[in-house]
Amino acid sequence: MNTGDRQVGIVLVSHSGPVAEAVAELARGLAAGGATAPVAAAGGTSAGGLGTSAELISEAARAVDGGAGVALLVDLGSAVLTVKAMLAEGGELPEGSRLVDAPFVEGAVAALVTASAGGDLAAVEAAATEAYGYRKT
Amino acid sequence: MLDTDFFRRWMTATAAAVDREADRLTDLDAAIGDADHGTNLQRGFTAVTAALGGESPATPGAVLTLAGRQLISTVGGASGPLYGTLLRRTGRALGEAPEVSTGQLAEALGEGVAAVAQLGGAQAGDKTMLDALLPAVQALGTSAEAARDAALAGAAATVPLLARKGRASYLGERSIGHEDPGAASSALLVGALVEAAGASGGGGA
């Protein structure tokens, strides 16, 4: 499926700010030669420590939301639980936001490649989740 | 019956208990987690107290939903969404009633605890906050004191358990022999019900 000119946004939620930023940069670097779909990092707490900030996640999701949906990828512990709790509450994330079950780094690259090629939210989710299937041994 | 003021007192008594016990919670978390449980909950309940001071929620349910939202947005660790979901779901279950019975609170808290179990994917015996909360909900039908005692006993009973959820589960057998910090803080939350009832001159809860 193709979303036309509106691209799915990607939010990378990590327990660590630098990890989220670095994975976003890695995904951008690998996803395309030119412009990619919007991707934003939401790592660590608002104060810059390890943990998760609902505010940073909300801001990142709003920043990448172009109306075609937002795929949220998460790493550990509070990153997973915070996004789940926000989705359960409703109103804190843009319409069409979805937690995607995927390996964080590989999933981020797959998601951004797919979103940049115009894939819809289901296609982005499928590509990210499929990254679990790539065996390394 | 428990009115809106009772629920405000419950939250401020919890905040005071978390302040008092923050070092112990962090020490427990240092043994099997990442040594931030006390400070995280302190930050969260400080924000809850401030929000309750700034806004005037009109019903018991509104007090708990406001508190839950504050915890999710300020705690920063896994305890934020877990306690936030607990209070918010309990608050929602209480609806718009201006006052509720202890039995209604027990039933609503049961829904909140079920939501926590679903969010974290944990069960009784996994060495989590559920091991204090599940027996507390059962005992709350009797009295707040019974619930507090059940929560404390549940928390103490996590010591010999093997952690199956969260950071502590990576330790495997080395998680045995330590009290679960989430169960310990849950016992503080339940114990604060007794303080909230006492501050009104006793009875009621």
# chains A, B, ... in the order shown; residues from 1 in each chain; ligands from 1
call {"tool": "select_by_dssp", "arguments": {"residues": "region 42-184 of chain B", "states": "alpha helix (DSSP H)", "output": "MDAnalysis selection string"}}
result
chainID B and resid 42:54 60:74 79:94 102:120 130:140 144:156 181:184
call {"tool": "interface_residues", "arguments": {"of": "chain B", "to": "chain A", "cutoff": "6 Å", "atoms": "only C-alpha atoms", "output": "number ranges by chain"}}
result
B: 73, 76-78, 81
call {"tool": "residues_around", "arguments": {"residues": "Ala63 (chain A)", "least_positions_apart": "3", "cutoff": "12 Å", "atoms": "only C-alpha atoms", "output": "list in words"}}
result
Val8, Gly9, Ile10, Val11, Ala37, Pro38, Val39, Ala40, Ala41, Ala42, Leu56, Ile57, Ser58, Glu59, Ala60, Gly66, Gly67, Gly69, Val70, Leu93 and Pro94 of chain A
call {"tool": "residues_around", "arguments": {"residues": "Thr114 (chain A)", "least_positions_apart": "5", "cutoff": "12 Å", "atoms": "only C-alpha atoms", "output": "VMD selection string"}}
result
chain A and resid 1 to 3 7 to 10 27 to 28 30 to 32 36 to 38 71 107 to 109 119 to 130
call {"tool": "residues_around", "arguments": {"residues": "Ser101 (chain B)", "least_positions_apart": "3", "cutoff": "6 Å", "atoms": "only C-alpha atoms", "output": "NGL selection string"}}
result
:B and (1-2 or 104)
